[in-house]
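Reproduced below: run.cif, with mmCIF, C-alpha atoms.
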```cif
data_entry
#
loop_
_atom_site.label_atom_id
_atom_site.label_comp_id
_atom_site.auth_asym_id
_atom_site.auth_seq_id
_atom_site.Cartn_x
_atom_site.Cartn_y
_atom_site.Cartn_z
CA MET A 1 88.72 143.25 97.40
CA SER A 2 90.27 141.52 100.42
CA GLN A 3 92.90 138.83 100.05
CA SER A 4 91.70 135.23 100.21
CA ARG A 5 92.80 133.36 103.30
CA VAL A 6 93.82 129.76 103.79
CA LEU A 7 94.17 128.22 107.24
CA LEU A 8 96.23 125.06 107.69
CA VAL A 9 95.36 123.10 110.81
CA ILE A 10 97.85 120.38 111.67
CA GLY A 11 96.45 117.45 113.63
CA SER A 12 99.72 115.71 114.35
CA ALA A 13 100.86 115.74 117.97
CA LYS A 14 104.52 115.75 116.94
CA GLN A 15 106.32 118.89 118.04
CA SER A 16 108.13 119.28 114.72
CA ARG A 17 108.64 117.73 111.30
CA SER A 18 105.48 115.71 111.00
CA THR A 19 104.35 114.30 107.67
CA SER A 20 101.06 116.17 108.13
CA GLU A 21 103.01 119.41 108.37
CA ALA A 22 105.09 118.56 105.29
CA LEU A 23 102.00 117.85 103.19
CA GLY A 24 100.02 120.85 104.40
CA THR A 25 102.91 123.27 104.14
CA TYR A 26 103.61 122.32 100.54
CA LEU A 27 99.98 123.06 99.63
CA LEU A 28 100.03 126.30 101.61
CA ASP A 29 103.17 127.47 99.81
CA ARG A 30 101.51 126.89 96.43
CA LEU A 31 98.43 128.84 97.53
CA SER A 32 100.63 131.65 98.87
CA GLU A 33 102.22 131.89 95.44
CA ARG A 34 98.72 132.40 94.09
CA GLY A 35 98.14 135.33 96.42
CA PHE A 36 96.52 133.66 99.41
CA ASP A 37 97.14 134.94 102.91
CA ALA A 38 98.25 131.74 104.68
CA GLU A 39 98.17 130.84 108.36
CA THR A 40 99.20 127.61 110.12
CA LEU A 41 97.99 126.31 113.49
CA PHE A 42 99.35 123.30 115.35
CA LEU A 43 96.61 121.67 117.37
CA HIS A 44 98.99 120.46 120.08
CA ARG A 45 99.44 124.16 120.83
CA SER A 46 96.03 125.55 119.87
CA LEU A 47 94.11 123.26 122.23
CA GLN A 48 96.34 123.92 125.24
CA ARG A 49 94.81 127.19 126.45
CA ASP A 50 91.37 128.70 126.13
CA TYR A 51 92.65 131.90 124.50
CA ARG A 52 94.38 129.77 121.87
CA VAL A 53 91.16 127.86 121.25
CA GLN A 54 89.39 131.19 120.73
CA ALA A 55 92.14 132.24 118.31
CA MET A 56 91.69 128.98 116.39
CA LEU A 57 87.93 129.52 116.15
CA ALA A 58 88.44 133.10 114.95
CA ALA A 59 90.96 131.93 112.37
CA SER A 60 88.52 129.28 111.13
CA ASP A 61 85.89 132.00 110.75
CA ARG A 62 88.25 134.16 108.69
CA ALA A 63 89.46 131.40 106.38
CA ASP A 64 88.15 130.97 102.86
CA ILE A 65 89.79 127.56 102.77
CA LEU A 66 90.42 125.38 105.81
CA VAL A 67 92.97 122.63 105.28
CA LEU A 68 93.09 119.87 107.90
CA ALA A 69 96.28 117.83 107.63
CA SER A 70 96.32 114.93 110.05
CA PRO A 71 97.72 111.49 110.68
CA LEU A 72 95.48 108.46 111.12
CA TYR A 73 95.28 107.06 114.66
CA VAL A 74 93.37 103.82 115.24
CA ASP A 75 91.40 104.09 111.98
CA SER A 76 90.20 107.67 112.46
CA LEU A 77 91.39 111.16 113.28
CA PRO A 78 93.50 111.43 116.44
CA TYR A 79 92.18 112.98 119.65
CA LEU A 80 93.56 116.43 118.85
CA ALA A 81 91.90 116.66 115.43
CA THR A 82 88.64 115.16 116.70
CA ARG A 83 88.52 117.68 119.56
CA ALA A 84 89.25 120.58 117.20
CA LEU A 85 86.43 119.55 114.85
CA GLU A 86 84.02 119.28 117.80
CA LEU A 87 84.95 122.79 118.96
CA ILE A 88 84.74 124.33 115.49
CA ALA A 89 81.36 122.72 114.78
CA LEU A 90 79.96 123.85 118.13
CA HIS A 91 81.22 127.37 117.53
CA ARG A 92 79.81 127.55 114.02
CA ASN A 93 76.40 126.32 115.10
CA THR A 94 76.05 129.48 117.19
CA ARG A 95 77.01 131.97 114.49
CA VAL A 96 75.29 133.41 111.46
CA LYS A 97 76.30 131.69 108.23
CA GLY A 98 78.67 133.93 106.32
CA LYS A 99 80.85 133.64 103.26
CA ARG A 100 81.61 130.56 101.20
CA GLN A 101 84.20 128.45 103.03
CA ARG A 102 85.73 125.23 101.80
CA LEU A 103 87.32 122.34 103.67
CA LEU A 104 90.09 120.14 102.37
CA ALA A 105 91.28 117.13 104.38
CA ILE A 106 94.68 115.48 103.95
CA VAL A 107 95.03 112.29 105.98
CA ASN A 108 98.18 110.18 106.02
CA CYS A 109 98.61 106.76 107.56
CA GLY A 110 101.47 104.43 108.42
CA PHE A 111 100.06 101.55 106.42
CA PRO A 112 101.23 101.30 102.83
CA GLU A 113 97.67 101.37 101.48
CA ALA A 114 95.86 104.72 101.34
CA GLN A 115 92.48 103.00 101.71
CA HIS A 116 92.99 102.88 105.48
CA THR A 117 92.29 106.64 105.51
CA GLU A 118 88.83 106.36 103.92
CA THR A 119 86.88 106.30 107.19
CA ALA A 120 88.74 109.34 108.56
CA ILE A 121 88.06 111.21 105.33
CA ALA A 122 84.37 110.29 105.55
CA ILE A 123 84.37 111.76 109.06
CA CYS A 124 85.93 114.99 107.74
CA ARG A 125 83.33 115.15 104.95
CA ARG A 126 80.55 114.73 107.47
CA PHE A 127 82.09 117.43 109.69
CA ALA A 128 82.12 119.81 106.71
CA ARG A 129 78.40 119.25 106.23
CA GLU A 130 77.52 119.72 109.88
CA ALA A 131 79.74 122.79 110.32
CA GLY A 132 78.68 124.57 107.13
CA PHE A 133 81.81 124.13 105.04
CA GLU A 134 81.71 123.25 101.37
CA TRP A 135 83.55 119.96 100.93
CA ALA A 136 86.53 120.49 98.63
CA ALA A 137 88.19 117.07 98.72
CA GLY A 138 89.78 114.40 100.85
CA LEU A 139 93.31 113.28 100.00
CA GLY A 140 94.44 110.04 101.62
CA LEU A 141 98.09 109.00 101.66
CA GLY A 142 99.45 105.58 102.56
CA GLY A 143 103.01 104.99 103.72
CA GLY A 144 103.33 108.39 105.36
CA GLU A 145 106.20 107.15 107.52
CA ALA A 146 108.37 107.10 104.39
CA ILE A 147 108.10 110.90 104.15
CA ASN A 148 108.88 111.15 107.86
CA GLY A 149 108.26 114.87 108.03
CA ARG A 150 110.71 115.80 105.29
CA ARG A 151 109.80 118.95 103.39
CA LEU A 152 108.36 118.29 99.93
CA ARG A 153 110.09 120.19 97.17
CA LYS A 154 109.73 118.88 93.64
CA ARG A 155 107.98 116.38 91.42
CA SER A 156 110.60 113.68 91.52
CA GLY A 157 111.46 110.49 93.29
CA MET A 158 109.19 108.72 95.73
CA VAL A 159 106.94 111.76 96.34
CA ARG A 160 106.36 112.75 92.72
CA ASN A 161 102.67 111.76 92.77
CA VAL A 162 102.15 113.40 96.16
CA VAL A 163 103.53 116.67 94.80
CA ARG A 164 101.49 116.35 91.59
CA SER A 165 98.37 115.77 93.67
CA LEU A 166 99.00 118.86 95.79
CA ASP A 167 99.80 120.96 92.70
CA VAL A 168 96.52 119.92 91.07
CA THR A 169 94.69 120.66 94.32
CA ALA A 170 96.30 124.08 94.78
CA THR A 171 95.46 125.14 91.23
CA ALA A 172 91.82 124.11 91.59
CA LEU A 173 91.43 125.77 95.00
CA ALA A 174 93.08 128.98 93.83
CA ASP A 175 90.81 129.13 90.78
CA GLY A 176 87.73 128.48 92.89
CA GLN A 177 87.11 125.25 91.02
CA ALA A 178 86.21 121.77 92.21
CA VAL A 179 89.27 119.70 93.09
CA PRO A 180 89.58 117.05 90.35
CA GLU A 181 89.31 113.41 91.43
CA GLU A 182 92.74 113.00 89.90
CA ALA A 183 94.18 114.69 93.00
CA ALA A 184 92.90 111.94 95.31
CA ARG A 185 94.00 109.23 92.87
CA LEU A 186 97.52 110.63 92.66
CA MET A 187 97.79 110.97 96.44
CA ALA A 188 96.65 107.38 96.92
CA ARG A 189 99.35 105.90 94.70
CA PRO A 190 101.88 103.86 96.71
CA LEU A 191 105.14 105.63 97.47
CA MET A 192 106.99 102.35 96.99
CA PRO A 193 106.18 98.64 96.66
CA THR A 194 104.41 97.26 99.72
CA TRP A 195 107.08 94.64 100.36
CA LEU A 196 109.78 97.30 100.41
CA TYR A 197 107.79 99.57 102.73
CA THR A 198 107.09 96.81 105.24
CA LEU A 199 110.70 95.61 105.11
CA ALA A 200 112.02 99.13 105.66
CA GLY A 201 109.53 99.55 108.50
CA SER A 202 110.72 96.40 110.24
CA VAL A 203 114.36 97.46 109.93
CA ARG A 204 113.47 100.88 111.30
CA TRP A 205 111.60 99.55 114.34
CA ARG A 206 114.42 97.16 115.20
CA ARG A 207 117.03 99.90 114.81
CA GLN A 208 115.08 102.28 117.03
CA ALA A 209 114.47 99.58 119.64
CA ARG A 210 118.18 98.74 119.66
CA ALA A 211 119.01 102.41 120.23
CA HIS A 212 116.74 102.35 123.29
CA GLY A 213 118.14 99.06 124.54
CA ALA A 214 114.80 97.37 123.87
CA ARG A 215 115.69 95.14 120.92
CA GLN A 216 114.93 91.96 122.90
CA LYS A 217 111.70 93.41 124.31
CA LEU A 218 109.94 94.19 121.05
CA SER A 219 107.50 91.32 121.49
CA ASP A 220 106.93 91.81 125.22
CA ARG A 221 103.42 91.38 126.60
CA PRO A 222 103.51 93.58 129.70
CA TYR A 223 99.79 93.33 130.44
CA GLU A 224 99.49 89.61 129.90
CA HIS A 225 97.39 88.10 132.64
CA THR A 226 99.28 85.62 134.75
CA GLU A 227 97.37 83.40 137.12
CA GLY A 228 98.39 83.41 140.76
CA MET B 1 83.84 86.58 131.84
CA ARG B 2 85.20 90.14 132.02
CA ALA B 3 84.33 93.23 130.02
CA ALA B 4 85.93 96.66 129.67
CA LEU B 5 83.46 99.46 129.05
CA LEU B 6 85.03 102.61 127.63
CA ASP B 7 82.54 105.45 127.98
CA GLY B 8 83.27 108.40 125.70
CA SER B 9 80.31 110.54 126.73
CA THR B 10 80.53 114.12 127.96
CA ALA B 11 79.03 115.28 131.24
CA ARG B 12 75.99 116.63 129.34
CA ASP B 13 75.16 113.36 127.51
CA ALA B 14 72.29 112.23 129.73
CA ALA B 15 71.11 109.69 127.15
CA LEU B 16 74.54 108.04 127.10
CA HIS B 17 74.67 107.85 130.85
CA SER B 18 71.43 105.91 130.68
CA VAL B 19 72.79 103.61 127.95
CA HIS B 20 75.90 103.07 130.09
CA ARG B 21 73.74 101.84 132.96
CA VAL B 22 71.83 99.49 130.65
CA ILE B 23 75.05 98.03 129.25
CA VAL B 24 76.35 97.36 132.76
CA SER B 25 73.03 95.84 133.76
CA GLU B 26 72.92 93.53 130.75
CA LEU B 27 76.52 92.42 131.25
CA THR B 28 76.19 91.77 134.97
CA GLY B 29 73.01 89.89 134.14
CA ILE B 30 75.10 87.33 132.28
CA ALA B 31 77.62 87.05 135.12
CA CYS B 32 80.14 89.34 133.49
CA ASP B 33 82.47 91.49 135.61
CA VAL B 34 82.64 94.97 134.14
CA ASP B 35 85.56 97.40 134.37
CA GLU B 36 83.96 100.79 133.77
CA PHE B 37 86.00 103.70 132.44
CA ILE B 38 84.28 107.09 132.35
CA LEU B 39 86.96 108.66 130.20
CA ARG B 40 85.87 112.28 130.75
CA ASP B 41 86.66 111.86 134.46
CA MET B 42 90.10 110.37 133.86
CA THR B 43 93.43 112.06 133.38
CA ILE B 44 94.80 110.61 130.17
CA ALA B 45 97.35 112.46 128.08
CA TYR B 46 96.66 112.43 124.37
CA CYS B 47 98.85 110.14 122.28
CA THR B 48 101.81 112.07 120.89
CA GLY B 49 102.63 109.58 118.14
CA CYS B 50 106.13 109.03 119.55
CA PHE B 51 105.95 105.23 119.05
CA GLU B 52 107.89 104.69 122.28
CA CYS B 53 105.22 102.15 123.22
CA TRP B 54 106.66 100.14 120.33
CA VAL B 55 110.42 100.78 120.45
CA ARG B 56 111.41 102.02 123.93
CA THR B 57 109.04 100.39 126.43
CA PRO B 58 107.27 97.90 124.15
CA GLY B 59 103.61 97.56 125.01
CA ILE B 60 103.53 100.43 127.50
CA CYS B 61 102.87 104.13 126.89
CA LYS B 62 105.49 106.48 128.32
CA ALA B 63 102.78 108.68 129.85
CA THR B 64 102.26 107.61 133.45
CA ASP B 65 98.53 108.08 133.73
CA ALA B 66 95.22 106.23 133.64
CA GLY B 67 95.76 105.31 129.99
CA HIS B 68 97.70 102.30 131.35
CA ASP B 69 94.63 101.13 133.28
CA VAL B 70 92.48 101.35 130.17
CA ALA B 71 94.91 99.45 127.95
CA ARG B 72 95.51 96.78 130.60
CA ALA B 73 91.79 96.27 131.18
CA VAL B 74 91.04 96.03 127.46
CA ILE B 75 93.64 93.38 126.73
CA ARG B 76 92.70 91.36 129.83
CA SER B 77 89.00 91.42 128.97
CA ASP B 78 86.90 89.02 126.94
CA LEU B 79 84.81 91.88 125.60
CA ALA B 80 85.58 95.55 124.98
CA VAL B 81 82.63 97.93 124.65
CA PHE B 82 83.12 101.38 123.14
CA LEU B 83 80.28 103.76 124.03
CA THR B 84 80.18 107.14 122.33
CA PRO B 85 78.00 109.93 121.05
CA ILE B 86 78.39 109.55 117.29
CA THR B 87 80.47 112.55 116.26
CA PHE B 88 80.58 113.27 112.51
CA GLY B 89 80.01 109.55 112.08
CA GLY B 90 82.94 108.63 114.30
CA TYR B 91 83.90 108.58 117.97
CA SER B 92 83.89 111.46 120.41
CA SER B 93 87.19 113.07 121.39
CA GLU B 94 86.75 111.65 124.91
CA LEU B 95 86.71 108.11 123.52
CA LYS B 96 89.58 108.83 121.14
CA LYS B 97 91.68 110.07 124.06
CA GLY B 98 91.57 106.54 125.45
CA LEU B 99 91.54 104.56 122.22
CA ASP B 100 94.59 106.22 120.69
CA HIS B 101 96.68 104.56 123.41
CA LEU B 102 95.65 101.07 122.36
CA ILE B 103 98.33 100.86 119.68
CA GLY B 104 100.63 99.51 122.37
CA LEU B 105 98.47 96.39 122.39
CA ILE B 106 99.61 95.50 118.89
CA SER B 107 103.02 94.95 117.36
CA PRO B 108 104.80 97.49 115.17
CA PHE B 109 105.48 94.75 112.64
CA PHE B 110 103.21 94.15 109.68
CA MET B 111 101.09 91.29 108.39
CA LYS B 112 98.56 90.83 105.62
CA ALA B 113 94.85 90.40 106.35
CA ASN B 114 91.99 90.64 103.87
CA GLY B 115 94.42 91.81 101.21
CA GLU B 116 95.56 94.77 103.31
CA THR B 117 98.53 95.45 105.51
CA HIS B 118 97.85 95.49 109.26
CA HIS B 119 99.95 95.28 112.40
CA LYS B 120 100.68 91.88 113.87
CA PRO B 121 99.15 91.00 117.21
CA ARG B 122 101.30 91.45 120.32
CA TYR B 123 99.14 89.23 122.53
CA SER B 124 97.86 85.72 121.94
CA THR B 125 94.22 86.65 122.52
CA TYR B 126 92.16 89.80 122.07
CA PRO B 127 88.70 90.77 123.28
CA ARG B 128 85.59 90.75 121.19
CA LEU B 129 84.53 94.27 120.32
CA ILE B 130 81.18 96.02 120.47
CA GLY B 131 80.71 99.63 119.41
CA VAL B 132 77.62 101.41 120.72
CA GLY B 133 76.93 104.80 119.19
CA VAL B 134 74.18 107.20 120.21
CA LEU B 135 72.48 109.59 117.79
CA PRO B 136 69.64 112.04 118.34
CA GLY B 137 67.68 110.63 115.38
CA PRO B 138 67.89 108.58 112.17
CA ASP B 139 71.03 109.39 110.19
CA SER B 140 72.06 106.75 107.68
CA GLU B 141 75.34 108.41 106.70
CA SER B 142 76.57 108.66 110.29
CA GLU B 143 75.46 105.10 111.02
CA GLN B 144 77.33 103.84 107.97
CA ILE B 145 80.55 105.61 108.95
CA PHE B 146 80.24 104.41 112.54
CA THR B 147 79.63 100.79 111.60
CA THR B 148 82.58 100.86 109.20
CA LEU B 149 84.82 102.40 111.85
CA VAL B 150 84.01 99.74 114.45
CA GLY B 151 84.69 97.07 111.84
CA ARG B 152 88.04 98.63 110.98
CA ASN B 153 88.96 98.77 114.69
CA ALA B 154 88.03 95.12 115.08
CA LEU B 155 90.30 94.20 112.20
CA ASN B 156 93.25 96.24 113.43
CA LEU B 157 92.80 95.23 117.08
CA HIS B 158 92.45 91.54 116.18
CA ALA B 159 89.00 91.18 117.71
CA PRO B 160 87.75 87.61 117.13
CA ALA B 161 84.20 88.96 116.68
CA HIS B 162 82.57 92.34 116.65
CA ALA B 163 79.26 94.18 116.36
CA ALA B 164 78.23 97.80 116.01
CA GLY B 165 74.91 99.31 116.88
CA VAL B 166 73.28 102.71 116.94
CA ILE B 167 70.84 103.77 119.64
CA ARG B 168 68.57 106.82 119.44
CA SER B 169 68.83 109.12 122.43
CA GLY B 170 65.05 108.94 122.91
CA ASP B 171 64.86 105.15 122.92
CA SER B 172 63.18 103.53 125.89
CA ARG B 173 65.04 101.52 128.54
CA GLU B 174 63.51 98.37 127.07
CA ALA B 175 64.53 99.23 123.52
CA VAL B 176 68.09 99.96 124.61
CA GLY B 177 68.23 96.69 126.54
CA GLU B 178 67.02 94.78 123.50
CA ALA B 179 69.60 96.52 121.30
CA ILE B 180 72.41 95.65 123.71
CA ARG B 181 71.31 92.02 123.91
CA SER B 182 71.28 91.87 120.09
CA LEU B 183 74.78 93.29 119.93
CA LEU B 184 76.06 90.81 122.52
CA ALA B 185 74.54 87.96 120.51
CA ALA B 186 76.01 89.30 117.25
CA ALA B 187 79.45 89.44 118.87
CA GLY B 188 79.06 85.87 120.08
CA VAL B 189 78.74 86.71 123.77
CA ASP B 190 76.60 84.05 125.34
CA HIS B 191 73.63 84.80 127.54
#
```
Let's see the structure in the file written out as structure tokens.
Amino acid sequence: MSQSRVLLVIGSAKQSRSTSEALGTYLLDRLSERGFDAETLFLHRSLQRDYRVQAMLAASDRADILVLASPLYVDSLPYLATRALELIALHRNTRVKGKRQRLLAIVNCGFPEAQHTETAIAICRRFAREAGFEWAAGLGLGGGEAINGRRLRKRSGMVRNVVRSLDVTATALADGQAVPEEAARLMARPLMPTWLYTLAGSVRWRRQARAHGARQKLSDRPYEHTEG
Amino acid sequence: MRAALLDGSTARDAALHSVHRVIVSELTGIACDVDEFILRDMTIAYCTGCFECWVRTPGICKATDAGHDVARAVIRSDLAVFLTPITFGGYSSELKKGLDHLIGLISPFFMKANGETHHKPRYSTYPRLIGVGVLPGPDSESEQIFTTLVGRNALNLHAPAHAAGVIRSGDSREAVGEAIRSLLAAAGVDH
């Protein structure tokens, strides 16, 4: 019997250390421990050349489980992830339906509340239906900036519920079972109090702006219409 | 009155091209100047999530391409219209290519609205928002997702009013015109 395959598709445009990568990689590592053959694709590379697009489509055909890990941009999936889903769906509509394949979506956003990811997850669920994937689950995370691409390691500290969620998910996927709703509930739990997250965010933006010499320009309105 | 029409259709979307023409016709019919953006024909780099439009050159994307024209036109308009083939309930990638750059129009700092955290406005006024999605036939799930998405965009982009509507690709010119007029009325755009 051939080894089961899991394909992680990362929708973040960041070149390295994205929160999407951190979340997806943790899940992939757990599935690898359970004997899965794991592969990771970064969409900012995969969509650059036609031969890479073809490789992505072939990898999506081979996968028993497709994991899309993506940030939220303007209330939905970013351009890269949206384009990838369009290409995969178009490709799959022209092929004969094969083995059972499941789709798991992990969407993180910069707002402290995970509920901002619900529309993007609904889009992923609808994609699964149109492209012939069995919907495994959608895990929405709020406050993703707090992880800031750091590798997840253990069930402690701020990310303890994130790790628990991914552990529950990995176990269910590896056993071929439905992902319990507990996984989505754990992922949606706030990483920290909202007031602390928004305060830390403000400090961070000001610090970064200062480093770029733009501290006094943070509230600029460069496209404001001026008469005359 | 000025409107920015962001067209997220592909070259093969004949039905959307027709809807585009109807939207322009209806808007010019109420003395509205329309800035039309056929996004598939424009060179716009995808957003890299660098946040430099917040912390390095506040309000402006670092990519020097037509994305600047889109963002400028949207914030200077009274009405923004998003036209798209409904794709898994959401927007097409062509539309997202343009929309992802609109985060520069808002502030990185947070505020509370409707019990949720959102970004503060950067500008004193924002355009009303209309989302027009095109589907080949009835599809309640896709319509629900699309309507929700336009509403979420309106909230996060501080639109003072918004409306979302779904048009069937086989609808007549008259039916499309009626649908657009209804959307304009729902968004508070006077005839």
Any chance you could resolve the PyMOL selection byres ((chain B) within 8 of (chain A)) against this file and give the residues as a PyMOL selection string?
chain B and resi 46-50+54-60+72+75-76+87-90+92-94+96-97+99-100+102-103+107-110+116-118+122-123+142+145+148-149+152-153+156
For the selection just defined, write its residues with C-alpha atoms to a file, as a short mmCIF file (atom, residue, chain, number, x, y, z; two decimals), in the frame of the given file.
```
data_model
loop_
_atom_site.label_atom_id
_atom_site.label_comp_id
_atom_site.auth_asym_id
_atom_site.auth_seq_id
_atom_site.Cartn_x
_atom_site.Cartn_y
_atom_site.Cartn_z
CA TYR B 46 96.66 112.43 124.37
CA CYS B 47 98.85 110.14 122.28
CA THR B 48 101.81 112.07 120.89
CA GLY B 49 102.63 109.58 118.14
CA CYS B 50 106.13 109.03 119.55
CA TRP B 54 106.66 100.14 120.33
CA VAL B 55 110.42 100.78 120.45
CA ARG B 56 111.41 102.02 123.93
CA THR B 57 109.04 100.39 126.43
CA PRO B 58 107.27 97.90 124.15
CA GLY B 59 103.61 97.56 125.01
CA ILE B 60 103.53 100.43 127.50
CA ARG B 72 95.51 96.78 130.60
CA ILE B 75 93.64 93.38 126.73
CA ARG B 76 92.70 91.36 129.83
CA THR B 87 80.47 112.55 116.26
CA PHE B 88 80.58 113.27 112.51
CA GLY B 89 80.01 109.55 112.08
CA GLY B 90 82.94 108.63 114.30
CA SER B 92 83.89 111.46 120.41
CA SER B 93 87.19 113.07 121.39
CA GLU B 94 86.75 111.65 124.91
CA LYS B 96 89.58 108.83 121.14
CA LYS B 97 91.68 110.07 124.06
CA LEU B 99 91.54 104.56 122.22
CA ASP B 100 94.59 106.22 120.69
CA LEU B 102 95.65 101.07 122.36
CA ILE B 103 98.33 100.86 119.68
CA SER B 107 103.02 94.95 117.36
CA PRO B 108 104.80 97.49 115.17
CA PHE B 109 105.48 94.75 112.64
CA PHE B 110 103.21 94.15 109.68
CA GLU B 116 95.56 94.77 103.31
CA THR B 117 98.53 95.45 105.51
CA HIS B 118 97.85 95.49 109.26
CA ARG B 122 101.30 91.45 120.32
CA TYR B 123 99.14 89.23 122.53
CA SER B 142 76.57 108.66 110.29
CA ILE B 145 80.55 105.61 108.95
CA THR B 148 82.58 100.86 109.20
CA LEU B 149 84.82 102.40 111.85
CA ARG B 152 88.04 98.63 110.98
CA ASN B 153 88.96 98.77 114.69
CA ASN B 156 93.25 96.24 113.43
#
```
Give me the result of the PyMOL selection byres ((chain A and resi 160-177) around 10) on this file, residue by residue, as an NGL selection string.
:A and (4 or 6 or 23-24 or 26-36 or 64-65 or 102 or 104 or 106 or 136-137 or 139 or 141 or 152-159 or 178-191)
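Rounded to one decimal, CA of Gly177 in chain B and CA of Leu39 in chain B lie 22.5 Å from each other.
Reported to one decimal place, the separation of CA of Arg12 in chain B from CA of Ser182 in chain B is 26.8 Å.
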Report, in Å with one decimal, the straight-line distance from CA of Val132 in chain B to CA of Leu83 in chain B.
4.9 Å
Using the chain letters and numbers from the file, which residues does the PyMOL selection byres ((chain B and resi 4) around 6) grab, as a list in words?
Ala3, Leu5, Val34, Asp35, Val74 and Ala80 of chain B
Closest to Leu27 in chain B among B:Leu79, B:Leu95, B:Ala163, B:Leu105, using all atoms listed in the file?
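For Leu27 in chain B, the nearest of the candidates is B:Leu79.
Among the candidates A:Asn93, A:Gln54, A:Asn108, A:Gln48, the one nearest to Ala45 in chain B when counting only C-alpha atoms is A:Gln48.
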